[in-house]
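With mmCIF, C-alpha atoms inside, this is data_4.cif:
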data_protein
loop_
_atom_site.label_atom_id
_atom_site.label_comp_id
_atom_site.auth_asym_id
_atom_site.auth_seq_id
_atom_site.Cartn_x
_atom_site.Cartn_y
_atom_site.Cartn_z
CA LYS A 1442 7.49 41.33 11.53
CA ILE A 1443 5.73 44.38 10.20
CA GLY A 1444 3.64 44.43 7.07
CA ILE A 1445 1.34 46.85 5.35
CA GLN A 1446 -2.20 46.35 4.12
CA THR A 1447 -2.15 47.21 0.43
CA TYR A 1448 -5.58 48.84 0.73
CA THR A 1449 -3.80 51.67 2.58
CA LEU A 1450 -1.94 52.53 -0.62
CA ARG A 1451 -4.76 51.87 -3.11
CA ALA A 1452 -4.24 55.19 -4.94
CA ALA A 1453 -0.53 54.44 -5.36
CA PHE A 1454 -1.32 50.95 -6.64
CA ASP A 1455 -3.77 52.38 -9.16
CA GLU A 1456 -1.00 54.65 -10.45
CA ASP A 1457 2.00 52.27 -10.38
CA GLU A 1458 1.40 48.76 -9.07
CA VAL A 1459 4.88 47.33 -9.51
CA GLY A 1460 6.60 50.51 -8.31
CA THR A 1461 4.45 50.53 -5.18
CA TYR A 1462 5.37 46.95 -4.29
CA ARG A 1463 9.04 47.84 -4.82
CA MET A 1464 8.72 50.95 -2.65
CA ILE A 1465 7.15 48.88 0.13
CA LYS A 1466 10.09 46.49 0.04
CA GLU A 1467 12.69 49.28 -0.19
CA ILE A 1468 11.41 51.18 2.84
CA GLY A 1469 11.67 48.04 4.93
CA TYR A 1470 8.32 46.35 5.31
CA ASP A 1471 8.61 42.60 5.86
CA TYR A 1472 5.45 41.63 3.96
CA VAL A 1473 2.25 42.85 2.36
CA GLU A 1474 -1.28 42.04 3.36
CA LEU A 1475 -3.21 41.78 0.11
CA ASN A 1476 -6.82 42.50 -0.72
CA ARG A 1477 -9.13 41.60 -3.58
CA ARG A 1478 -8.14 44.73 -5.55
CA ASN A 1479 -4.63 43.35 -5.94
CA LEU A 1480 -6.08 40.64 -8.16
CA ASN A 1481 -7.88 42.99 -10.55
CA ASP A 1482 -5.18 42.87 -13.23
CA ARG A 1483 -3.29 39.68 -12.33
CA THR A 1484 -4.04 36.08 -11.55
CA PRO A 1485 -2.92 34.86 -8.14
CA LYS A 1486 -0.10 32.95 -9.86
CA GLU A 1487 1.08 36.07 -11.71
CA LEU A 1488 0.92 38.18 -8.55
CA LYS A 1489 2.87 35.55 -6.60
CA ALA A 1490 5.61 35.57 -9.27
CA LEU A 1491 5.82 39.37 -9.11
CA LEU A 1492 6.02 39.41 -5.32
CA ASP A 1493 8.62 36.63 -5.30
CA ASP A 1494 10.71 38.60 -7.79
CA ILE A 1495 10.59 41.65 -5.50
CA GLY A 1496 11.20 39.53 -2.39
CA LEU A 1497 7.97 40.52 -0.69
CA PRO A 1498 5.90 37.73 0.88
CA ALA A 1499 2.13 37.96 1.22
CA PRO A 1500 1.01 35.75 4.12
CA ILE A 1501 -2.42 37.40 4.47
CA ILE A 1502 -5.21 38.32 2.06
CA HIS A 1503 -8.53 40.08 2.67
CA LEU A 1504 -11.38 38.67 0.57
CA ASP A 1505 -15.09 39.34 0.15
CA TYR A 1506 -17.91 37.91 2.24
CA GLU A 1507 -19.49 36.23 -0.77
CA LEU A 1508 -16.33 34.22 -1.44
CA PHE A 1509 -16.18 32.92 2.13
CA ALA A 1510 -19.91 32.19 2.22
CA THR A 1511 -20.46 30.52 -1.14
CA ARG A 1512 -17.12 29.88 -2.87
CA THR A 1513 -14.81 28.71 -0.10
CA ASN A 1514 -12.87 26.50 -2.50
CA GLU A 1515 -12.02 29.63 -4.50
CA VAL A 1516 -10.66 31.22 -1.30
CA ALA A 1517 -8.51 28.11 -0.84
CA ASP A 1518 -7.26 28.32 -4.43
CA ILE A 1519 -6.42 32.03 -4.21
CA ALA A 1520 -4.66 31.69 -0.85
CA GLY A 1521 -2.82 28.57 -1.98
CA GLU A 1522 -1.52 30.10 -5.20
CA LEU A 1523 -0.38 33.24 -3.38
CA GLY A 1524 1.16 31.33 -0.49
CA CYS A 1525 -1.14 33.06 2.01
CA GLU A 1526 -1.51 31.43 5.39
CA HIS A 1527 -4.44 33.62 6.41
CA ALA A 1528 -7.63 34.64 4.58
CA ILE A 1529 -9.46 37.47 6.31
CA LEU A 1530 -13.03 38.74 6.07
CA PRO A 1531 -12.51 42.51 6.33
CA TRP A 1532 -15.99 43.99 6.00
CA ILE A 1533 -19.68 43.43 6.43
CA THR A 1534 -22.40 45.72 5.10
CA ASP A 1535 -24.82 47.83 7.13
CA GLU A 1536 -27.56 45.25 6.56
CA GLN A 1537 -25.33 42.51 8.00
CA ARG A 1538 -24.84 44.23 11.37
CA ASN A 1539 -27.59 42.91 13.62
CA LEU A 1540 -27.75 40.29 16.33
CA ASN A 1541 -29.01 37.42 14.18
CA ALA A 1542 -26.70 38.32 11.29
CA TYR A 1543 -23.61 38.10 13.53
CA LYS A 1544 -24.67 34.61 14.57
CA THR A 1545 -24.95 33.71 10.87
CA HIS A 1546 -21.50 35.23 10.23
CA ALA A 1547 -20.03 33.11 13.02
CA GLU A 1548 -21.51 29.93 11.50
CA MET A 1549 -20.23 30.88 8.05
CA LEU A 1550 -16.72 31.63 9.34
CA ASN A 1551 -16.65 28.28 11.17
CA ARG A 1552 -17.65 26.44 7.98
CA ALA A 1553 -15.06 28.30 5.91
CA GLY A 1554 -12.39 27.68 8.54
CA GLU A 1555 -13.17 23.98 8.58
CA VAL A 1556 -12.79 23.81 4.79
CA LEU A 1557 -9.59 25.89 4.65
CA LYS A 1558 -7.69 24.48 7.64
CA PRO A 1559 -6.57 21.22 5.95
CA GLY A 1560 -4.87 23.35 3.26
CA GLY A 1561 -2.95 25.33 5.89
CA VAL A 1562 -5.08 28.48 5.66
CA THR A 1563 -6.58 30.13 8.75
CA VAL A 1564 -9.79 32.12 8.39
CA GLY A 1565 -9.78 35.46 10.16
CA TYR A 1566 -12.05 38.39 10.84
CA HIS A 1567 -11.02 42.07 10.77
CA ASN A 1568 -13.05 44.49 12.87
CA HIS A 1569 -14.12 48.08 12.50
CA GLN A 1570 -15.82 50.28 15.09
CA PHE A 1571 -19.34 48.94 14.56
CA GLU A 1572 -18.56 45.45 15.89
CA PHE A 1573 -18.31 47.00 19.35
CA PHE A 1574 -21.73 48.72 19.28
CA ASP A 1575 -24.37 47.41 21.70
CA LEU A 1576 -26.94 45.32 19.80
CA GLY A 1577 -29.13 44.91 22.87
CA ASP A 1578 -28.69 43.32 26.28
CA GLY A 1579 -25.00 44.25 26.24
CA GLN A 1580 -24.26 42.01 23.26
CA THR A 1581 -21.90 43.20 20.54
CA GLY A 1582 -21.04 41.79 17.16
CA MET A 1583 -17.45 41.26 18.29
CA GLY A 1584 -18.63 39.43 21.39
CA ILE A 1585 -20.82 37.13 19.32
CA LEU A 1586 -18.05 36.41 16.82
CA LEU A 1587 -15.52 35.72 19.57
CA THR A 1588 -17.79 33.37 21.50
CA GLU A 1589 -19.53 31.61 18.61
CA THR A 1590 -16.55 30.90 16.35
CA ASP A 1591 -14.32 27.92 16.90
CA PRO A 1592 -10.75 28.91 17.89
CA ASP A 1593 -9.48 25.95 15.86
CA TYR A 1594 -10.93 27.47 12.68
CA VAL A 1595 -11.27 31.23 13.15
CA ALA A 1596 -8.73 33.84 14.29
CA PHE A 1597 -9.07 37.61 14.57
CA GLU A 1598 -7.17 40.54 13.19
CA LEU A 1599 -7.78 43.23 15.79
CA ASP A 1600 -7.76 46.70 14.32
CA LEU A 1601 -6.52 48.63 17.33
CA PHE A 1602 -7.60 51.99 15.88
CA TRP A 1603 -11.24 51.01 15.41
CA ALA A 1604 -11.38 49.15 18.73
CA ALA A 1605 -9.96 52.18 20.56
CA LEU A 1606 -12.29 54.56 18.75
CA ALA A 1607 -15.22 52.44 19.94
CA GLY A 1608 -13.93 52.75 23.50
CA SER A 1609 -13.34 49.02 23.91
CA ASP A 1610 -11.01 47.58 26.52
CA ILE A 1611 -8.28 46.28 24.23
CA VAL A 1612 -6.16 44.74 26.99
CA GLY A 1613 -9.31 43.12 28.38
CA LEU A 1614 -10.05 41.61 24.95
CA PHE A 1615 -6.61 39.99 24.85
CA GLU A 1616 -6.96 38.73 28.41
CA LYS A 1617 -10.49 37.37 27.95
CA HIS A 1618 -9.72 35.72 24.60
CA PRO A 1619 -6.10 34.53 24.75
CA GLY A 1620 -4.69 33.39 21.44
CA ARG A 1621 -7.65 34.57 19.34
CA PHE A 1622 -5.95 37.72 18.02
CA LYS A 1623 -3.23 36.52 15.66
CA TYR A 1624 -2.52 39.86 13.98
CA CYS A 1625 -3.26 43.55 14.52
CA HIS A 1626 -3.76 46.64 12.42
CA VAL A 1627 -2.22 49.83 13.75
CA LYS A 1628 -3.07 53.29 12.45
CA ASP A 1629 -3.89 56.72 13.73
CA LEU A 1630 -6.45 59.44 13.17
CA LYS A 1631 -5.69 62.97 12.12
CA GLY A 1632 -8.19 65.74 12.69
#
Please express the file's structure as structure tokens.
Amino acid sequence: KIGIQTYTLRAAFDEDEVGTYRMIKEIGYDYVELNRRNLNDRTPKELKALLDDIGLPAPIIHLDYELFATRTNEVADIAGELGCEHAILPWITDEQRNLNAYKTHAEMLNRAGEVLKPGGVTVGYHNHQFEFFDLGDGQTGMGILLTETDPDYVAFELDLFWAALAGSDIVGLFEKHPGRFKYCHVKDLKG
């Protein structure tokens, strides 16, 4: 199945939210991958009703670090009301991109995953290019997250574009960490 991350169409959503969801369905996408912006004007329950009316499931949502770290029950509530099976952490700030911070992120993701799993929600992590940068002694943020998170609680959404741009061995990632990458983002670069 092929879905689209709603962040990709943020300008269209700002202009015509309902029309954009309908367009996504009409051109043949199987589902949408939501983000926090989709909840700016609607409650999760209201958004679920709208998506159900259009016939567009939303099995995945991207949510903020702070929610995963300090309000995990709110993540569970949002995902549950929307019918999302996966809650993804899509971004960390510049200050959160050092060796010790990645170890802290791994611990936090494990805790969140442990809380969310009984409700049928898998915690995931979405990469960008910076997770593949050398932090010293050949260690990378992605390597730390992959080795220090529990596969029972944390999955990964591999963004193939950012991984390729960083020069990572994508096939090698899949071979070294079988089953960890449950979903992928695919996009290209122009210019």
Pull out every residue that the PyMOL selection byres ((chain A and resi 1532-1542) around 8) matches in the shown coordinates and put them as a list in words.
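For this structure, the PyMOL selection byres ((chain A and resi 1532-1542) around 8) resolves to Asp1505, Tyr1506, Leu1530, Pro1531, Tyr1543, Lys1544, Thr1545, His1546, His1567, Asn1568, His1569, Phe1571, Glu1572, Leu1576, Gln1580, Thr1581 and Gly1582 of chain A.
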As a check of understanding, name the residues that the PyMOL selection byres ((chain A and resi 1606) around 10) selects in the supplied structure, as number ranges by chain.
A: 1569-1571, 1573, 1601-1605, 1607-1609, 1630
Between CA of Ala1499 (chain A) and CA of Gly1460 (chain A), what is the distance in Å, rounded to a tenth?
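If I compute the distance from CA of Ala1499 (chain A) to CA of Gly1460 (chain A), I get 16.4 Å.
Distance check against Lys1623 (chain A) using only C-alpha atoms: of A:Glu1589, A:His1527, A:Ile1465, A:Gly1554, the minimum falls on A:His1527.
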A:Ile1495, A:Met1583, A:Ala1520, A:Leu1475 ranked by distance to Phe1597 (chain A), top pick (using all atoms listed in the file)
A:Met1583
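Separating CA of Thr1563 (chain A) from CA of Val1595 (chain A) is a distance of 6.5 Å.
For the pair CA of Ala1510 (chain A) and CA of Leu1450 (chain A), the interatomic distance is 27.3 Å.
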To verify the selection step, state as a ChimeraX atom specification which residues the PyMOL selection byres ((chain A and resi 1474) around 7) yields on this input.
/A:1444-1447,1472-1473,1475-1476,1499-1502
In terms of the shortest atom-to-atom distance over all atoms listed in the file, which of A:Val1556, A:Leu1488, A:Leu1599, A:Ile1611 is closest to Glu1515 (chain A)?
A:Val1556
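Closest approach to Asn1514 (chain A) among A:Lys1558, A:Ile1585, A:Lys1442, A:His1618: A:Lys1558, based on only C-alpha atoms.
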At a cut-off of 8 Å, using all atoms listed in the file, what residues contact Gly1560 (chain A)? Leave out same-chain residues fewer than 2 positions from it and give the result as a PyMOL selection string.
chain A and resi 1517+1521+1557-1558+1562
Of the residues A:Leu1587, A:Asp1578, A:Tyr1594, A:Ile1519, which is the one nearest to Asn1551 (chain A), using only C-alpha atoms?
A:Tyr1594
Which one is closest to Ile1468 (chain A): A:Leu1508, A:Ala1490, A:Met1549, A:Ile1443? Count all atoms listed in the file.
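With all atoms listed in the file as the atom set, the closest residue is A:Ile1443.
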Any chance you could build region 1460-1491 of chain A out to N, CA and C atoms and write it as a tab-separated table (two decimals), in the coordinates of the input?
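The result, stored in rebuild.tsv:
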chain	number	residue	atom	x	y	z
A	1460	GLY	N	5.79	49.54	-9.05
A	1460	GLY	CA	6.60	50.51	-8.31
A	1460	GLY	C	6.20	50.60	-6.84
A	1461	THR	N	4.92	50.46	-6.56
A	1461	THR	CA	4.45	50.53	-5.18
A	1461	THR	C	4.92	49.32	-4.39
A	1462	TYR	N	4.83	48.13	-4.98
A	1462	TYR	CA	5.37	46.95	-4.29
A	1462	TYR	C	6.87	47.12	-4.03
A	1463	ARG	N	7.60	47.64	-5.01
A	1463	ARG	CA	9.04	47.84	-4.82
A	1463	ARG	C	9.32	48.85	-3.71
A	1464	MET	N	8.56	49.94	-3.69
A	1464	MET	CA	8.72	50.95	-2.65
A	1464	MET	C	8.48	50.35	-1.27
A	1465	ILE	N	7.44	49.54	-1.15
A	1465	ILE	CA	7.15	48.88	0.13
A	1465	ILE	C	8.34	48.07	0.60
A	1466	LYS	N	8.92	47.31	-0.29
A	1466	LYS	CA	10.09	46.49	0.04
A	1466	LYS	C	11.29	47.38	0.40
A	1467	GLU	N	11.52	48.41	-0.39
A	1467	GLU	CA	12.69	49.28	-0.19
A	1467	GLU	C	12.64	50.03	1.13
A	1468	ILE	N	11.45	50.43	1.58
A	1468	ILE	CA	11.41	51.18	2.84
A	1468	ILE	C	11.42	50.27	4.07
A	1469	GLY	N	11.39	48.95	3.83
A	1469	GLY	CA	11.67	48.04	4.93
A	1469	GLY	C	10.53	47.21	5.47
A	1470	TYR	N	9.38	47.24	4.84
A	1470	TYR	CA	8.32	46.35	5.31
A	1470	TYR	C	8.71	44.90	5.05
A	1471	ASP	N	8.28	44.02	5.97
A	1471	ASP	CA	8.61	42.60	5.86
A	1471	ASP	C	7.67	41.85	4.93
A	1472	TYR	N	6.44	42.32	4.80
A	1472	TYR	CA	5.45	41.63	3.96
A	1472	TYR	C	4.32	42.58	3.60
A	1473	VAL	N	3.48	42.12	2.68
A	1473	VAL	CA	2.25	42.85	2.36
A	1473	VAL	C	1.05	41.99	2.73
A	1474	GLU	N	0.00	42.68	3.11
A	1474	GLU	CA	-1.28	42.04	3.36
A	1474	GLU	C	-2.17	42.46	2.19
A	1475	LEU	N	-2.50	41.51	1.35
A	1475	LEU	CA	-3.21	41.78	0.11
A	1475	LEU	C	-4.70	41.94	0.33
A	1476	ASN	N	-5.37	42.45	-0.71
A	1476	ASN	CA	-6.82	42.50	-0.72
A	1476	ASN	C	-7.28	42.17	-2.14
A	1477	ARG	N	-8.56	42.03	-2.30
A	1477	ARG	CA	-9.13	41.60	-3.58
A	1477	ARG	C	-8.71	42.50	-4.75
A	1478	ARG	N	-8.54	43.79	-4.49
A	1478	ARG	CA	-8.14	44.73	-5.55
A	1478	ARG	C	-6.80	44.35	-6.19
A	1479	ASN	N	-5.92	43.72	-5.40
A	1479	ASN	CA	-4.63	43.35	-5.94
A	1479	ASN	C	-4.72	42.29	-7.02
A	1480	LEU	N	-5.88	41.67	-7.15
A	1480	LEU	CA	-6.08	40.64	-8.16
A	1480	LEU	C	-6.88	41.14	-9.36
A	1481	ASN	N	-7.10	42.45	-9.44
A	1481	ASN	CA	-7.88	42.99	-10.55
A	1481	ASN	C	-7.21	42.79	-11.89
A	1482	ASP	N	-5.90	42.93	-11.95
A	1482	ASP	CA	-5.18	42.87	-13.23
A	1482	ASP	C	-4.25	41.66	-13.35
A	1483	ARG	N	-4.20	40.84	-12.32
A	1483	ARG	CA	-3.29	39.68	-12.33
A	1483	ARG	C	-3.98	38.47	-11.73
A	1484	THR	N	-3.58	37.31	-12.20
A	1484	THR	CA	-4.04	36.08	-11.55
A	1484	THR	C	-3.24	35.92	-10.26
A	1485	PRO	N	-3.72	35.10	-9.34
A	1485	PRO	CA	-2.92	34.86	-8.14
A	1485	PRO	C	-1.51	34.35	-8.46
A	1486	LYS	N	-1.41	33.49	-9.47
A	1486	LYS	CA	-0.10	32.95	-9.86
A	1486	LYS	C	0.82	34.06	-10.37
A	1487	GLU	N	0.28	34.96	-11.19
A	1487	GLU	CA	1.08	36.07	-11.71
A	1487	GLU	C	1.50	37.02	-10.59
A	1488	LEU	N	0.59	37.29	-9.67
A	1488	LEU	CA	0.92	38.18	-8.55
A	1488	LEU	C	1.98	37.55	-7.66
A	1489	LYS	N	1.87	36.26	-7.41
A	1489	LYS	CA	2.87	35.55	-6.60
A	1489	LYS	C	4.25	35.65	-7.25
A	1490	ALA	N	4.33	35.47	-8.56
A	1490	ALA	CA	5.61	35.57	-9.27
A	1490	ALA	C	6.19	36.98	-9.13
A	1491	LEU	N	5.35	37.99	-9.26
A	1491	LEU	CA	5.82	39.37	-9.11
A	1491	LEU	C	6.35	39.62	-7.71
